[in-house]
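Asker: Right, I'll just put the structure down here and ask away after.
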Amino acid sequence: MKKPRFDRPFASVSCTISSFLFIVFLYVWLLINEAQFGPLRKLGRSAISNLPYQTNKTGTSVETLLAENSTLSPPEFRVLIGILTLPDQYQRRHFLRLIYGTQSPVGAQVDVKFVFCNLNKEDQKVLVALEIMRYDDIIILNCTENMNKGKTYTYFSSLPEIFSDTPYDYVMKADDDVYFRLNNLVESLRPLPREDLYYGYVVPCPSMDPFVHYMSGMGYLISWDLAEWIRDSDIPKNHTEGPEDKVFGEWLRDGHRAKNRYTAKWSMYDYPNPPTGCTHELWPDTIAIQHSIRLLHKMSDRDAVSFNTIISDFFRRKHDIKEILQLYSRMREDNVKPNSITLSTLVGACSDLLISYLVELVHAQAIRYGLNSHEFVGSSLVDVYGKRLRLDDATCAFNEIVELDLVSWNIMIDACARNGSKKHAFRIFSRMRRECEGVPFDSFTLSSITKTCSQPRDLERGFMQNGECKEALGFYKIMLRVGVKENEFSFASILPVYSGLASLEKGTLAYSQLVFTTMKNRDVVSWTAMITGLGQHGEGRKTIELRKAMIGEGWKPDRVTFLGSLSACSHGGLVEEGIEISGP
């Protein structure tokens with residue numbers, strides 16, 4: 001098998017020459033068609049500038065930005081849209097962030113956050129932690145994921161505590177397959193009361209009376225005082241199970257609440273399939289659309305956003321790849337240019353297919369439109385090539401990315417891990433530290449690197465050889481802080497680094513003892529690592545005590561434990577204890 005090359009200048013000569021010629025061609029073509037790209041560039045800038053919680057790359061501080069905007073009028077009201085979803089729906093959240101980032105509601109503050117229950121998988125704890133660090137738009141409720149067993153109650157009753165310092169005027173519960181047009185939502189809410197309000201799409205479909213029936217789960221909104229009432233009242237607390245949206249309406253009825261009710265029919269639209277008596281054309285002031293897949297053929301003015309919405313929905317619902325590619329072909333027939341969202345979604349749709357040439361076709365489309373250098377598209381390509389054990393192609397795609405972020409680096413390191421390339425994983429990690437000064441690595445980086453290490457000492461050597469000892473300690477602490485459980489392997493891997501620094505940095509060995517003490521699951525490896533570490537630093541008596549504790553918990557010392565214990569006795573002058581360990 002051909003060895004991958006990671007040095008950027010020599011990654012792929014043919015790729016570089018082709019890309020250069022292609023860029024020259026694009027440059028000339030863009031000069032000729034300058035006017036045609038004005039609206040597209042404007043849309044792109046608008047989308048990027050309005051992305052929530054984006055990193056400021058201009059060097060301007062947050063305080064400066066706040067000062068510059070201090071003269072702006074405060075919003076008339078504040079709205080929280082809580083999108084109830086599941087922890088594993090990463091792609092869906094990513095797509096929703098991008099499409100909501102293109103909207104700038106006038107006169108009101110609208111915050112969109114994703115809501116789910118406690119995390120129960122280790123990979124969720126790592127990946128969701130990364131999302132929180134980057135976007136800070138996730139609410140994790142103290143509950144277990146459920147359907148019709150109280151998640152809605154937990155959501156609304158938790159909000160007054162979560163936002164006690166900055167209460168909203170309105171809070172909404174929405175499904176993750178609904179798209180809201182925020183300006184239309186704000187205009188609809190502007191004349192309505194700020195208290196005792198219940199707003200949404202009344203069901204069943206023929207009904208127009210919100211006082212008789214209840215609001216559809218696609219999305220309904222209440223005023224802040226009702227959220228406080230849900231928190232304090234026994235009525236919802238004692239009635240949490242059942243069809244949650246119907247149960248919600250029963251709370252308000254039994255508690256004689258929500259005297260102000262407003263149905264947004266027909267501006268909130270749940271597209272039925274097959275068509276029913278409630279099927280209708282979209283209104284100009286449409287506020288929300290659910291199940292929007294079937295609406296594309298009805299739209300007279302289709303753009304990249306509308307196509308991306310449907311393509312992403314096809315992907316989420318695991319439609320056949322042929323349908324997705326047909327939709328992409330329709331997009332091109334309509335002379336709508338794909339963007340980074342389009343192509344990253346197409347790459348994701350191809351990731352689980354055995355037909356490899358489809359990924360290459362999408363990669364070619366990315367090059368054609370100059371999007372292979374975008375971090376979303378490039379990282380998606382690196383990920384899919386890595387999963388297909390095509391490390392050369394993953395490296396080529398990685399080297400095409402112009403602006404690498406932590407996610408891009410992590411995906412490349414993970415691709416090396418998947419392909420069993422320990423040497424290159426550490427090389428990429430070391431390069432990341434050189435080229436991205438000030439960017440901290442995280443627990444996902446750690447988990448990727450540890451996958452390449454067949455023995456605990458491999459991780460030590462990788463850090464030591466790359467001069468990353470202190471970073472390794474911070475690395476491990478991040479892993480624990482974001483909720484990744486310590487395990488025998490990760491502890492045994494990081495302990496030699498602690499030991500190596502113990503003589504230089506006060507408290508380092510003591511910290512390793514603390515971590516070991518708090519471990520829930522220990523085996524011979526972790527016991528031996530701790531015993532050896534203590535022995536290397538002259539803690540002979542502590543070593544003997546720890547060995548006895550190990551035996552007392554039912555673990556049988558192996559040869560490495562035996563040698564570590566004898567070494568500790570030798571260094572500490574504990575002759576009798578050493579003889580006792582050696583036995584007759």
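Chain labels A, B, ... are given in the sequence in which chains occur in the structure tokens; within each chain residues are numbered consecutively from 1, and ligands are likewise numbered from 1 in the order shown.
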Report as a PDB file with N, CA, C and O atoms, in the first residue's frame all protein, DNA and RNA residues lying within 12 Å of Asp558 of chain A, evaluated on only C-alpha atoms, omitting residues in the same chain fewer than 5 positions from it.
Answerer:
ATOM      1  N   ASP A 523      -8.260  -1.244  36.456  1.00  0.00           N
ATOM      2  CA  ASP A 523      -7.802  -2.595  36.194  1.00  0.00           C
ATOM      3  C   ASP A 523      -6.312  -2.677  36.487  1.00  0.00           C
ATOM      4  O   ASP A 523      -5.717  -1.739  37.029  1.00  0.00           O
ATOM      5  N   VAL A 524      -5.691  -3.789  36.109  1.00  0.00           N
ATOM      6  CA  VAL A 524      -4.273  -3.991  36.401  1.00  0.00           C
ATOM      7  C   VAL A 524      -3.421  -2.907  35.760  1.00  0.00           C
ATOM      8  O   VAL A 524      -2.440  -2.435  36.343  1.00  0.00           O
ATOM      9  N   VAL A 525      -3.812  -2.476  34.546  1.00  0.00           N
ATOM     10  CA  VAL A 525      -3.024  -1.470  33.835  1.00  0.00           C
ATOM     11  C   VAL A 525      -2.985  -0.157  34.610  1.00  0.00           C
ATOM     12  O   VAL A 525      -1.923   0.438  34.810  1.00  0.00           O
ATOM     13  N   SER A 526      -4.166   0.327  35.049  1.00  0.00           N
ATOM     14  CA  SER A 526      -4.203   1.603  35.754  1.00  0.00           C
ATOM     15  C   SER A 526      -3.525   1.514  37.113  1.00  0.00           C
ATOM     16  O   SER A 526      -2.818   2.441  37.534  1.00  0.00           O
ATOM     17  N   TRP A 527      -3.727   0.390  37.844  1.00  0.00           N
ATOM     18  CA  TRP A 527      -3.032   0.207  39.117  1.00  0.00           C
ATOM     19  C   TRP A 527      -1.511   0.238  38.902  1.00  0.00           C
ATOM     20  O   TRP A 527      -0.771   0.897  39.632  1.00  0.00           O
ATOM     21  N   THR A 528      -1.063  -0.504  37.896  1.00  0.00           N
ATOM     22  CA  THR A 528       0.375  -0.591  37.637  1.00  0.00           C
ATOM     23  C   THR A 528       0.948   0.763  37.230  1.00  0.00           C
ATOM     24  O   THR A 528       2.057   1.137  37.641  1.00  0.00           O
ATOM     25  N   ALA A 529       0.211   1.505  36.419  1.00  0.00           N
ATOM     26  CA  ALA A 529       0.684   2.821  35.990  1.00  0.00           C
ATOM     27  C   ALA A 529       0.878   3.739  37.183  1.00  0.00           C
ATOM     28  O   ALA A 529       1.872   4.475  37.277  1.00  0.00           O
ATOM     29  N   ILE A 531       1.316   2.797  40.394  1.00  0.00           N
ATOM     30  CA  ILE A 531       2.393   2.259  41.220  1.00  0.00           C
ATOM     31  C   ILE A 531       3.753   2.639  40.633  1.00  0.00           C
ATOM     32  O   ILE A 531       4.665   3.076  41.341  1.00  0.00           O
ATOM     33  N   ARG A 547       0.044  -0.969  46.368  1.00  0.00           N
ATOM     34  CA  ARG A 547       0.087  -2.370  45.932  1.00  0.00           C
ATOM     35  C   ARG A 547      -0.810  -3.228  46.826  1.00  0.00           C
ATOM     36  O   ARG A 547      -1.524  -4.113  46.350  1.00  0.00           O
ATOM     37  N   MET A 550      -4.342  -2.644  45.941  1.00  0.00           N
ATOM     38  CA  MET A 550      -4.654  -3.327  44.686  1.00  0.00           C
ATOM     39  C   MET A 550      -5.016  -4.791  44.960  1.00  0.00           C
ATOM     40  O   MET A 550      -6.031  -5.301  44.456  1.00  0.00           O
ATOM     41  N   ILE A 551      -4.202  -5.452  45.775  1.00  0.00           N
ATOM     42  CA  ILE A 551      -4.472  -6.851  46.104  1.00  0.00           C
ATOM     43  C   ILE A 551      -5.750  -6.967  46.921  1.00  0.00           C
ATOM     44  O   ILE A 551      -6.557  -7.888  46.734  1.00  0.00           O
ATOM     45  N   LEU A 563       7.859  -5.512  38.955  1.00  0.00           N
ATOM     46  CA  LEU A 563       9.087  -4.760  38.707  1.00  0.00           C
ATOM     47  C   LEU A 563       8.972  -3.321  39.208  1.00  0.00           C
ATOM     48  O   LEU A 563       9.919  -2.773  39.774  1.00  0.00           O
ATOM     49  N   GLY A 564       7.808  -2.693  38.993  1.00  0.00           N
ATOM     50  CA  GLY A 564       7.599  -1.332  39.470  1.00  0.00           C
ATOM     51  C   GLY A 564       7.678  -1.243  40.984  1.00  0.00           C
ATOM     52  O   GLY A 564       8.243  -0.293  41.540  1.00  0.00           O
ATOM     53  N   SER A 565       7.119  -2.254  41.665  1.00  0.00           N
ATOM     54  CA  SER A 565       7.143  -2.269  43.134  1.00  0.00           C
ATOM     55  C   SER A 565       8.568  -2.469  43.650  1.00  0.00           C
ATOM     56  O   SER A 565       9.016  -1.793  44.593  1.00  0.00           O
TER      57      SER A 565
END
Asker: Output as a list in words all residues of segment 203-407 of chain A that backbone DSSP marks as strand (DSSP E).
Answerer: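 Those in segment 203-407 of chain A that DSSP calls strand (DSSP E) are Val203, Tyr214, Met215, Gly219, Tyr220, Leu221, Ile222, Ser223, Asn260, Arg261, Tyr262, Thr263, Met268, Tyr269, Asp270, Ala288, Ile289 and Gln290 of chain A.
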Asker: Could you write out that same residue set with C-alpha atoms as an mmCIF file, in the first residue's frame?
Answerer:
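The new file out_31.cif reads:
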data_model
loop_
_atom_site.group_PDB
_atom_site.id
_atom_site.type_symbol
_atom_site.label_atom_id
_atom_site.label_comp_id
_atom_site.auth_asym_id
_atom_site.auth_seq_id
_atom_site.Cartn_x
_atom_site.Cartn_y
_atom_site.Cartn_z
ATOM 1 C CA VAL A 203 -55.558 21.494 15.330
ATOM 2 C CA TYR A 214 -54.943 22.979 21.023
ATOM 3 C CA MET A 215 -51.902 24.032 18.992
ATOM 4 C CA GLY A 219 -44.407 25.037 16.804
ATOM 5 C CA TYR A 220 -46.345 26.961 19.446
ATOM 6 C CA LEU A 221 -45.458 29.967 21.560
ATOM 7 C CA ILE A 222 -46.444 31.215 25.003
ATOM 8 C CA SER A 223 -45.729 34.384 26.956
ATOM 9 C CA ASN A 260 -55.224 35.535 24.907
ATOM 10 C CA ARG A 261 -55.091 32.924 22.173
ATOM 11 C CA TYR A 262 -54.121 33.399 18.551
ATOM 12 C CA THR A 263 -54.077 30.910 15.713
ATOM 13 C CA MET A 268 -48.167 28.266 9.606
ATOM 14 C CA TYR A 269 -48.319 25.446 7.156
ATOM 15 C CA ASP A 270 -48.071 21.679 7.710
ATOM 16 C CA ALA A 288 -43.600 28.424 9.127
ATOM 17 C CA ILE A 289 -43.465 25.375 6.884
ATOM 18 C CA GLN A 290 -43.361 21.785 8.074
#
Asker: Pick out the residues sitting within 10 Å of Pro167 of chain A, and hand them over as a PyMOL selection string; count only C-alpha atoms, and ignore anything fewer than 5 positions along from it in its own chain.
Answerer: chain A and resi 78-80+159-162+224-225
Asker: Assign secondary structure with DSSP using the backbone only, and return the residues of segment 102-343 of chain A in helix (DSSP H, G or I) as a ChimeraX atom specification.
Answerer: /A:122-135,151-162,182-189,224-232,234-237,244-254,292-298,304-316,321-333,340-343
Asker: Using only C-alpha atoms, which residue out of A:Ile321, A:Val359, A:Ala568, A:Leu84 lies closest to Gly217 of chain A?
Answerer: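 Looking only at the distances to Gly217 of chain A, the closest residue turns out to be A:Leu84.
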Asker: Quick one: distance from atom CA of Ala415 of chain A to atom CA of His94 of chain A in Å, one decimal?
Answerer: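 Going from atom CA of Ala415 of chain A over to atom CA of His94 of chain A covers 21.0 Å.
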Asker: Just to confirm, what's the straight-line distance from atom CA of Leu358 of chain A to atom CA of Asp303 of chain A in Å (one decimal)?
Answerer: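 Atom-to-atom, atom CA of Leu358 of chain A to atom CA of Asp303 of chain A, that is 24.2 Å.
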Asker: Determine, counting only C-alpha atoms, which protein, DNA and RNA residues have an atom within 6 Å of an atom of Met218 of chain A; residues of the same chain fewer than 2 positions away are not included. Present the result as a PyMOL selection string.
Answerer: chain A and resi 174-175+216
Asker: Considering only C-alpha atoms, state which residue in the set A:Ser233, A:Ser188, A:Ser567, A:Thr152 is at the smallest distance from Asp245 of chain A.
Answerer: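 Among A:Ser233, A:Ser188, A:Ser567, A:Thr152, it is A:Thr152 that comes nearest to Asp245 of chain A.
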Asker: Tell me which of A:Tyr100, A:Phe116, A:Phe156, A:Phe516 sits closest to Arg181 of chain A, counting only C-alpha atoms.
Answerer: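 When distances to Arg181 of chain A are compared using only C-alpha atoms, the smallest one comes from A:Tyr100.
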Asker: Which one is closest to Val128 of chain A: A:Gly242, A:Gly378, A:Gly249, A:Pro87? Count only C-alpha atoms.
Answerer: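 Counting only C-alpha atoms, the residue closest to Val128 of chain A is A:Pro87.
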Asker: Please indicate the distance in Å from atom CA of Leu197 of chain A to atom CA of Val212 of chain A, rounded to one decimal place.
Answerer: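 Value for the atom CA of Leu197 of chain A-atom CA of Val212 of chain A distance: 15.1 Å.
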